[in-house]
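Enquirer: First the structure, which I've put down as structure tokens, then a few questions once you've had a look.
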Amino acid sequence: MNTDLPPRAAFRLPIRIIEEAGITAWLVEDPSVPVIAFNWAWTGGAVHDPVGQEGRLSLALAMLTEGAGPLDNVAFADAARDQGIALQFGAGRDSASGSIRALADAWPEALRLARMAMIEPRMEARALDRVRARAIVGARQALETPRGLVSRAFWREAFPGHPVSRSSTPESFAAIPAEGLREALALQLRSQGLLVAAAGAIDEAGLRAAIRALFSTLPTGAAPAGPALPAMARFARSITPKDAPQSAVQFGQDGPSPHDAAWEATQVALRILGGGGFSSRLMREIREERGLTYGIGAGLDVLFGRAIIVGQASTDNATAAQMIELLQHAWTRMANAGPTAEELSEAVDFLNGSMPLQFSDTRRIAGGLLSLMQNRRTPEWLAGRPARLSALTLADVANAARRFGAEPLRVAVAGQPQGL
Amino acid sequence: MTRRTSLAAALATPILATPVAIPVARAATPSERPLFNAKHWRLDNGLTVVLAENRRAPVVAHYVFYGAGSGEDPAGLSGIAHFMEHMMFKGSSNVPTGAFSRAVAREGGQDNAFTSRDTTAYFQHVESSRLALMMRMEADRMAGPLFNPAEFEAERGVVIEERRQVVESQPRSRFRENFDAAMWGAQHWRGRPIIGWMDEIRAITRADMLEFFASRYAPSNAVLVVAGDCEEARLRDLVGETYARVPAREFIGRARNAIPAAPGEARIERRDPATREANFTRAIAAPSATWGAKQHANPLEVLGHILGGGTGSRLHRALVEAGLAVSAGAGYDGETAGASIFSISATLRQPTPREALEAAVDREIQRLLTDGVTEAEVARSRRQLTAGALLSLDGIGAAPRILGGVLTLGLPIEDAEHWPERLRAVTAEQVNAAARAVLPGQLATTGWLLPA
């Protein structure tokens, strides 16, 4: 059924870079749909949560939308929902972020609410009591499943001594004093060190005005960065016992720096090995051919300026050992022999062809731009990506795979795996 | 255990209180601009074609919906609609196994499929110049998938692992299955899980699947939706070369067994050592846009928002703000084939006694029935339910899901194009009538999931 297809149109995202009040913003203006997405992020994040108070920043950020200025929590929520405004704050391991998505008509109200949330949060004791109770239940529920347990075990083993090894628990949420929340906000809500990305029905003047309105009255300075991430520790296979029908597996190792020349070759190698969709080697060999899992995949995650490779899968306890053996085998085979020419061309075709689809709505555009900014990319880097990908040789990708495959794959398991 | 009866028979079963004679809530003449401004037509083989043009990015979404979901699984073969969805990726007359997904990947696209109680849908998002390729391959599997015998057992294994992952490893999913079976019966179409019971997934044969395909996947029981960068003339040409060539076939319409007069169990409690939370659930059988006292469908959606639609809702105030629950909500979805449910759920805030939470829920329901809702509450809910309607124009995935979902139920396209107006027309009187007709219903189950 293969037929001649026309060449794909070259895809170009018209990114404009704007400097306002010391903040760099990327803008893709598109007035064709009356929607605005506006995302911002700063370095910092959960890394500054004190020992024993893990979850502090995420709890503090959750409080921002629980009432601000003259509005109690219900009035605040009503003001947003009356106009279909989505306003969120969130804490990551090495950064934190905010986002607004609204119809163009609701934009002034969206800005008013976001600004009020940052400048005048009420932080009422009753609201804190409620939000904390919810967070404690969330943390308890994360410990109910093999997946929740294996993720915690992996981070604990992979970076001992670094803040990313710690996860929030029911006890850590319970231990956070109200004063600690104000400290976290004072440390992290700052007018500098921000990255901003916007897309949709907003022009340059609108973006400048939004940046001034949201950030100019925050305290000066930037949130501090956390300690550098060390190389991933080598650890023997970690097993967390859990009475459950399946074992959850998390695996990984160090990746190259995002600015390493082998970055894209590594992305291609991982796309072939464990990328999304149904055609990766791991999906083919473990799911399609043997029916051992519903899904398995691996990809790059950038943290503290370093990349790590992380993957996940679940399987019946009885087949956990077999699945891990197949995984290790596929990993080693890629490290030793690299991809085939056909795999390389298919992976490059996918990565190039998927660009327009990654930028098909305002939220994805703003989110995608912000990720590029966080990895210190430029619009030129993005524009040059298809050519760089197309120029990759089999040797480039094989070398990249050999580099990450030179280290043993770290594997954590939770469940009742047999034969391990 | 299961009786296979027609929908007409199900309609005659008096499970609900006497219908109240009130005007239909639907706006008589749609006045606003249609949301997606979609064009639609029908081919000679019966396939419905829908185009929601949106030229903003050079991409298209290509969806085929079949009017058959887990609600159509034959007795003893729960999970067949879903298992078949998996097997549809294993090749067809002119496309080798796996080649469809591989071609989508090669074009940089995304493909997947999903099975609900009412429909099974297959979709790809691709750059618009690749639409023709998608249509050729999708039409090919509409004409005749292989269900490759050599891959049947491995794929059954995938489905079994999916069930273990999404149901059996999750205490609340396990409970939800128990709850539905307790209310409707383990072999009733509403009481069975979409993914199927484990022993029945194991029992499905290729012959069963071929029969299900032959009787359900006819062009006349399907809806094609294309959204994004495609003009009508081009789509008509492409459809002529692909789907129009799929031969017409007879199909069996939905024939779901009748609604029981009373629940199998009106109350269930399950203790599960895997959870430390106590969860409350109540479900009450309700009419839908396709079944029963249909005029209540839109008012019930507004009622769900007033009672349990997040911060500011009645249950949020009575349970969450009052410190009895960590979370609480109510919900209703009227866009379904056959009976729907109005549901209430809450997670207990420890150390509240669970009797206190349940009593507070009962009080709120009693208050609704006695005093009704106010015009101000209805106005707020109408506003909040519809405020973000235009956001569905941002991106290419929302339009096909909304349009395809409505059309596969046999509802008019206006229900999708003008859904905000339908809700804006709901009055307090209608909400109160719907509450009084539905909330005291006898087909209802209350359940608690408790830590062991």
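Chain lettering (A, B, ...) mirrors the order of the structure tokens, residue numbering begins at 1 for each chain separately, and ligand numbering begins at 1 in order of display.
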From a DSSP pass on the backbone, collect the residues of region 25-103 of chain B flagged as alpha helix (DSSP H) and hand them back as number ranges by chain.
Expert: B: 80-87, 99-103
Enquirer: Can those selected residues be exported to a file as a tab-separated table (two decimals), in the first residue's frame so that it contains C-alpha atoms?
Expert:
chain	number	residue	atom	x	y	z
B	80	ILE	CA	-14.41	-8.63	22.84
B	81	ALA	CA	-14.99	-5.11	21.49
B	82	HIS	CA	-11.81	-3.97	23.23
B	83	PHE	CA	-9.70	-7.04	22.35
B	84	MET	CA	-10.80	-6.59	18.74
B	85	GLU	CA	-9.68	-2.97	18.82
B	86	HIS	CA	-6.19	-4.33	19.59
B	87	MET	CA	-6.40	-6.96	16.83
B	99	ALA	CA	2.49	-1.66	8.91
B	100	PHE	CA	-0.23	0.88	9.60
B	101	SER	CA	1.33	2.11	12.85
B	102	ARG	CA	4.77	1.97	11.30
B	103	ALA	CA	3.66	4.14	8.38
Enquirer: Residues at most 10 Å from Ala10 (chain A), counting only C-alpha atoms, excluding those fewer than 6 positions away in the same chain, as a PyMOL selection string?
Expert: chain A and resi 352-353+355-356+383+386
Enquirer: Please write the residues from the selection above to a file, keeping N, CA and C atoms, as a short mmCIF file (atom, residue, chain, number, x, y, z; two decimals), in the first residue's frame.
Expert:
data_model
loop_
_atom_site.label_atom_id
_atom_site.label_comp_id
_atom_site.auth_asym_id
_atom_site.auth_seq_id
_atom_site.Cartn_x
_atom_site.Cartn_y
_atom_site.Cartn_z
N ASN A 352 11.39 14.31 12.42
CA ASN A 352 11.16 15.49 11.57
C ASN A 352 9.68 15.70 11.28
N GLY A 353 9.00 14.61 10.97
CA GLY A 353 7.58 14.74 10.60
C GLY A 353 6.69 15.13 11.75
N MET A 355 7.18 17.34 14.01
CA MET A 355 7.29 18.74 14.46
C MET A 355 5.97 19.51 14.37
N PRO A 356 5.28 19.49 13.21
CA PRO A 356 4.03 20.28 13.17
C PRO A 356 3.02 19.80 14.20
N ALA A 383 15.12 25.57 14.22
CA ALA A 383 15.00 25.63 12.75
C ALA A 383 16.02 24.70 12.09
N PRO A 386 15.81 19.75 11.69
CA PRO A 386 15.59 18.76 10.63
C PRO A 386 16.87 18.44 9.86
#
Enquirer: Of the candidates A:Met323, A:Leu87, A:Leu189, A:Ile308, which one gets nearest to Asn39 (chain A) if we count only C-alpha atoms?
Expert: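 Nearest to Asn39 (chain A): A:Leu87.
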Enquirer: I'd like the neighbourhood of Glu417 (chain B) as a list of chain:residue names, where a residue qualifies if any of its atoms comes within 9 Å (using only C-alpha atoms), though same-chain residues fewer than 3 positions away should be ignored.
Expert: B:Arg33, B:Pro34, B:Leu35, B:Phe36, B:Asn37, B:Ala38, B:Ile402, B:Leu403, B:Ile413, B:Glu414, B:Pro420
Enquirer: Keeping C-alpha atoms for every residue in the selection just given, could you write it to a file as a PDB file, in the first residue's frame?
Expert:
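Result file follows (again.pdb):
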ATOM      1  CA  ARG B  33     -22.862  30.055  15.096  1.00  0.00           C
ATOM      2  CA  PRO B  34     -22.210  26.297  15.094  1.00  0.00           C
ATOM      3  CA  LEU B  35     -19.083  25.517  17.108  1.00  0.00           C
ATOM      4  CA  PHE B  36     -17.227  23.531  14.445  1.00  0.00           C
ATOM      5  CA  ASN B  37     -19.248  24.498  11.359  1.00  0.00           C
ATOM      6  CA  ALA B  38     -18.808  20.910  10.182  1.00  0.00           C
ATOM      7  CA  ILE B 402     -17.262  15.601  20.173  1.00  0.00           C
ATOM      8  CA  LEU B 403     -18.731  15.202  16.666  1.00  0.00           C
ATOM      9  CA  ILE B 413     -25.041  16.868  14.629  1.00  0.00           C
ATOM     10  CA  GLU B 414     -26.625  19.995  16.143  1.00  0.00           C
ATOM     11  CA  PRO B 420     -23.409  25.317  24.810  1.00  0.00           C
TER      12      PRO B 420
END
Enquirer: Considering only C-alpha atoms, state which residue in the set A:Leu369, A:Ala80, A:Ala41, A:Ala197 is at the smallest distance from chain B.
Expert: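 Of all the options, A:Ala80 lies closest to chain B.
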Enquirer: Of the residues B:Asp394, B:Glu241, B:Asp208, B:Glu364, which is the one nearest to chain A, using only C-alpha atoms?
Expert: B:Asp394
Enquirer: Quote the spacing between CA of Pro219 (chain B) and CA of Ala139 (chain B) in Å to one decimal place.
Expert: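 We find that CA of Pro219 (chain B) and CA of Ala139 (chain B) lie 9.5 Å from each other.
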Enquirer: Which residue gives the smallest distance to Ser220 (chain B) among B:Arg424, B:His316, B:Arg363, B:Arg249, with only C-alpha atoms counted?
Expert: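 The answer is B:Arg249, which sits nearest to Ser220 (chain B).
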Enquirer: Excluding same-chain residues fewer than 5 positions from region 55-70 of chain A, what lies within 6 Å of it counting only C-alpha atoms, as a PyMOL selection string?
Expert: chain A and resi 46+49+76+89+91+116-117+120-122+168+181+184
Enquirer: Need to verify the contact set: Pro245 (chain A), 9 Å, only C-alpha atoms, exclusion of same-chain residues closer than 2 positions in sequence. Can you return it as an MDAnalysis selection string?
Expert: (chainID A and resid 243 247 315:317 415:416) or (chainID B and resid 164:165 168:169)
Enquirer: For those residues, write N, CA and C atoms to a file as a PDB file, in the first residue's frame.
Expert:
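Listing of selection.pdb after writing:
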ATOM      1  N   ASP A 243       2.366  -6.508  47.609  1.00  0.00           N
ATOM      2  CA  ASP A 243       1.384  -7.520  47.265  1.00  0.00           C
ATOM      3  C   ASP A 243       0.508  -6.988  46.132  1.00  0.00           C
ATOM      4  N   SER A 247       4.402  -6.699  38.604  1.00  0.00           N
ATOM      5  CA  SER A 247       5.598  -5.989  39.039  1.00  0.00           C
ATOM      6  C   SER A 247       5.764  -4.759  38.158  1.00  0.00           C
ATOM      7  N   THR A 315       4.616  -5.815  34.270  1.00  0.00           N
ATOM      8  CA  THR A 315       4.328  -7.149  33.742  1.00  0.00           C
ATOM      9  C   THR A 315       3.879  -8.046  34.880  1.00  0.00           C
ATOM     10  N   ASP A 316       3.268  -9.168  34.526  1.00  0.00           N
ATOM     11  CA  ASP A 316       2.886 -10.184  35.495  1.00  0.00           C
ATOM     12  C   ASP A 316       4.105 -10.542  36.358  1.00  0.00           C
ATOM     13  N   ASN A 317       3.863 -10.756  37.673  1.00  0.00           N
ATOM     14  CA  ASN A 317       4.976 -11.132  38.551  1.00  0.00           C
ATOM     15  C   ASN A 317       5.752 -12.336  38.003  1.00  0.00           C
ATOM     16  N   GLY A 415       6.780  -5.076  43.543  1.00  0.00           N
ATOM     17  CA  GLY A 415       5.781  -6.105  43.309  1.00  0.00           C
ATOM     18  C   GLY A 415       6.224  -7.385  43.991  1.00  0.00           C
ATOM     19  N   GLN A 416       5.860  -8.509  43.401  1.00  0.00           N
ATOM     20  CA  GLN A 416       6.317  -9.808  43.905  1.00  0.00           C
ATOM     21  C   GLN A 416       6.960 -10.554  42.754  1.00  0.00           C
TER      22      GLN A 416
ATOM     23  N   ARG B 164      -4.417  -6.157  34.167  1.00  0.00           N
ATOM     24  CA  ARG B 164      -3.692  -6.202  35.447  1.00  0.00           C
ATOM     25  C   ARG B 164      -3.199  -4.815  35.843  1.00  0.00           C
ATOM     26  N   GLN B 165      -2.745  -4.056  34.826  1.00  0.00           N
ATOM     27  CA  GLN B 165      -2.163  -2.743  35.116  1.00  0.00           C
ATOM     28  C   GLN B 165      -3.217  -1.709  35.483  1.00  0.00           C
ATOM     29  N   GLU B 168      -6.419  -4.371  38.071  1.00  0.00           N
ATOM     30  CA  GLU B 168      -6.106  -5.234  39.207  1.00  0.00           C
ATOM     31  C   GLU B 168      -5.022  -4.674  40.119  1.00  0.00           C
ATOM     32  N   SER B 169      -4.210  -3.756  39.617  1.00  0.00           N
ATOM     33  CA  SER B 169      -3.194  -3.139  40.482  1.00  0.00           C
ATOM     34  C   SER B 169      -3.718  -1.884  41.174  1.00  0.00           C
TER      35      SER B 169
END
Enquirer: Using only C-alpha atoms, which of the listed residues (A:Ser165, A:His48, A:Phe11, A:Ile85) sits closest to Glu109 (chain A)?
Expert: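 With only C-alpha atoms as the atom set, the closest residue is A:Ile85.
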Enquirer: What lies within 12 Å of Ile17 (chain A) using only C-alpha atoms, ignoring chain neighbours under 3 positions off, as a JSON list (two decimals) with N, CA and C atoms, in the first residue's frame?
Expert:
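Saved as out_10.json:
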[["chain", "number", "residue", "atom", "x", "y", "z"],
["A", 14, "PRO", "N", 7.07, 30.54, 13.70],
["A", 14, "PRO", "CA", 7.51, 31.95, 13.70],
["A", 14, "PRO", "C", 7.68, 32.48, 15.12],
["A", 20, "GLU", "N", 11.54, 42.05, 28.22],
["A", 20, "GLU", "CA", 10.73, 43.03, 28.94],
["A", 20, "GLU", "C", 11.03, 42.90, 30.43],
["A", 23, "ILE", "N", 13.16, 40.18, 31.58],
["A", 23, "ILE", "CA", 12.68, 38.81, 31.38],
["A", 23, "ILE", "C", 12.66, 38.51, 29.89],
["A", 24, "THR", "N", 13.12, 37.31, 29.51],
["A", 24, "THR", "CA", 13.09, 36.90, 28.12],
["A", 24, "THR", "C", 11.82, 36.09, 27.86],
["A", 25, "ALA", "N", 11.11, 36.47, 26.81],
["A", 25, "ALA", "CA", 9.89, 35.75, 26.47],
["A", 25, "ALA", "C", 9.91, 35.35, 25.00],
["A", 26, "TRP", "N", 9.40, 34.17, 24.72],
["A", 26, "TRP", "CA", 9.22, 33.73, 23.33],
["A", 26, "TRP", "C", 7.74, 33.77, 23.01],
["A", 27, "LEU", "N", 7.46, 34.25, 21.80],
["A", 27, "LEU", "CA", 6.06, 34.42, 21.41],
["A", 27, "LEU", "C", 5.80, 33.82, 20.04],
["A", 28, "VAL", "N", 4.74, 33.03, 19.94],
["A", 28, "VAL", "CA", 4.20, 32.63, 18.63],
["A", 28, "VAL", "C", 2.78, 33.17, 18.57],
["A", 29, "GLU", "N", 2.62, 34.27, 17.86],
["A", 29, "GLU", "CA", 1.31, 34.93, 17.80],
["A", 29, "GLU", "C", 0.46, 34.26, 16.73],
["A", 195, "LEU", "N", 11.53, 32.55, 32.87],
["A", 195, "LEU", "CA", 11.41, 32.31, 31.44],
["A", 195, "LEU", "C", 9.92, 32.32, 31.11],
["A", 196, "VAL", "N", 9.56, 32.98, 29.99],
["A", 196, "VAL", "CA", 8.14, 33.12, 29.63],
["A", 196, "VAL", "C", 7.93, 32.68, 28.19],
["A", 197, "ALA", "N", 6.86, 31.95, 27.95],
["A", 197, "ALA", "CA", 6.48, 31.58, 26.58],
["A", 197, "ALA", "C", 4.98, 31.79, 26.42],
["A", 198, "ALA", "N", 4.60, 32.36, 25.27],
["A", 198, "ALA", "CA", 3.18, 32.62, 25.05],
["A", 198, "ALA", "C", 2.81, 32.28, 23.61],
["A", 203, "ASP", "N", -0.48, 39.71, 21.13],
["A", 203, "ASP", "CA", 0.59, 40.33, 20.34],
["A", 203, "ASP", "C", 1.72, 40.79, 21.26],
["A", 204, "GLU", "N", 2.73, 41.39, 20.64],
["A", 204, "GLU", "CA", 3.92, 41.76, 21.40],
["A", 204, "GLU", "C", 3.58, 42.72, 22.54],
["A", 207, "LEU", "N", 1.88, 40.92, 25.31],
["A", 207, "LEU", "CA", 2.81, 40.10, 26.07],
["A", 207, "LEU", "C", 3.63, 40.95, 27.03],
["A", 208, "ARG", "N", 4.10, 42.09, 26.53],
["A", 208, "ARG", "CA", 4.89, 42.99, 27.41],
["A", 208, "ARG", "C", 4.05, 43.44, 28.59],
["A", 369, "LEU", "N", 7.72, 25.74, 23.69],
["A", 369, "LEU", "CA", 8.68, 26.85, 23.68],
["A", 369, "LEU", "C", 9.39, 26.94, 25.04],
["A", 373, "MET", "N", 13.36, 26.75, 25.97],
["A", 373, "MET", "CA", 14.06, 27.81, 26.72],
["A", 373, "MET", "C", 14.75, 27.22, 27.95],
["A", 378, "THR", "N", 17.87, 27.88, 21.13],
["A", 378, "THR", "CA", 17.54, 29.11, 20.41],
["A", 378, "THR", "C", 16.55, 28.75, 19.29],
["A", 379, "PRO", "N", 15.82, 29.73, 18.76],
["A", 379, "PRO", "CA", 14.97, 29.44, 17.60],
["A", 379, "PRO", "C", 15.78, 28.86, 16.43],
["A", 380, "GLU", "N", 17.03, 29.30, 16.31],
["A", 380, "GLU", "CA", 17.87, 28.78, 15.23],
["A", 380, "GLU", "C", 18.16, 27.28, 15.44]]
Enquirer: Residues of region 113-157 of chain A that approach region 169-174 of chain A to 8 Å or less, counting only C-alpha atoms: could you list each one with the shortest pair of atoms and its distance in Å to one decimal, rows by chain and increasing residue number, as a tab-separated table?
Expert:
residue	atom	partner	partner_atom	distance
A:Arg132	CA	A:Phe173	CA	6.7
A:Ala135	CA	A:Phe173	CA	7.0
A:Ile136	CA	A:Pro170	CA	4.6
A:Val137	CA	A:Pro170	CA	7.2
A:Ala139	CA	A:Thr169	CA	5.4
A:Arg140	CA	A:Pro170	CA	6.1
Enquirer: Can those selected residues be exported to a file as a PDB file, in the first residue's frame so that it contains C-alpha atoms?
Expert:
ATOM      1  CA  ARG A 132      -2.884  19.549  53.282  1.00  0.00           C
ATOM      2  CA  ALA A 135      -2.018  16.181  49.702  1.00  0.00           C
ATOM      3  CA  ILE A 136      -1.622  13.586  52.469  1.00  0.00           C
ATOM      4  CA  VAL A 137      -4.204  11.332  50.832  1.00  0.00           C
ATOM      5  CA  ALA A 139       0.852  10.759  48.982  1.00  0.00           C
ATOM      6  CA  ARG A 140      -0.723   7.722  50.642  1.00  0.00           C
TER       7      ARG A 140
END
Enquirer: If you run DSSP on the backbone here, which positions in region 141-342 of chain B get strand (DSSP E)? Please write them as number ranges by chain.
Expert: B: 222-228, 267-272, 279-286, 325-332, 340-342
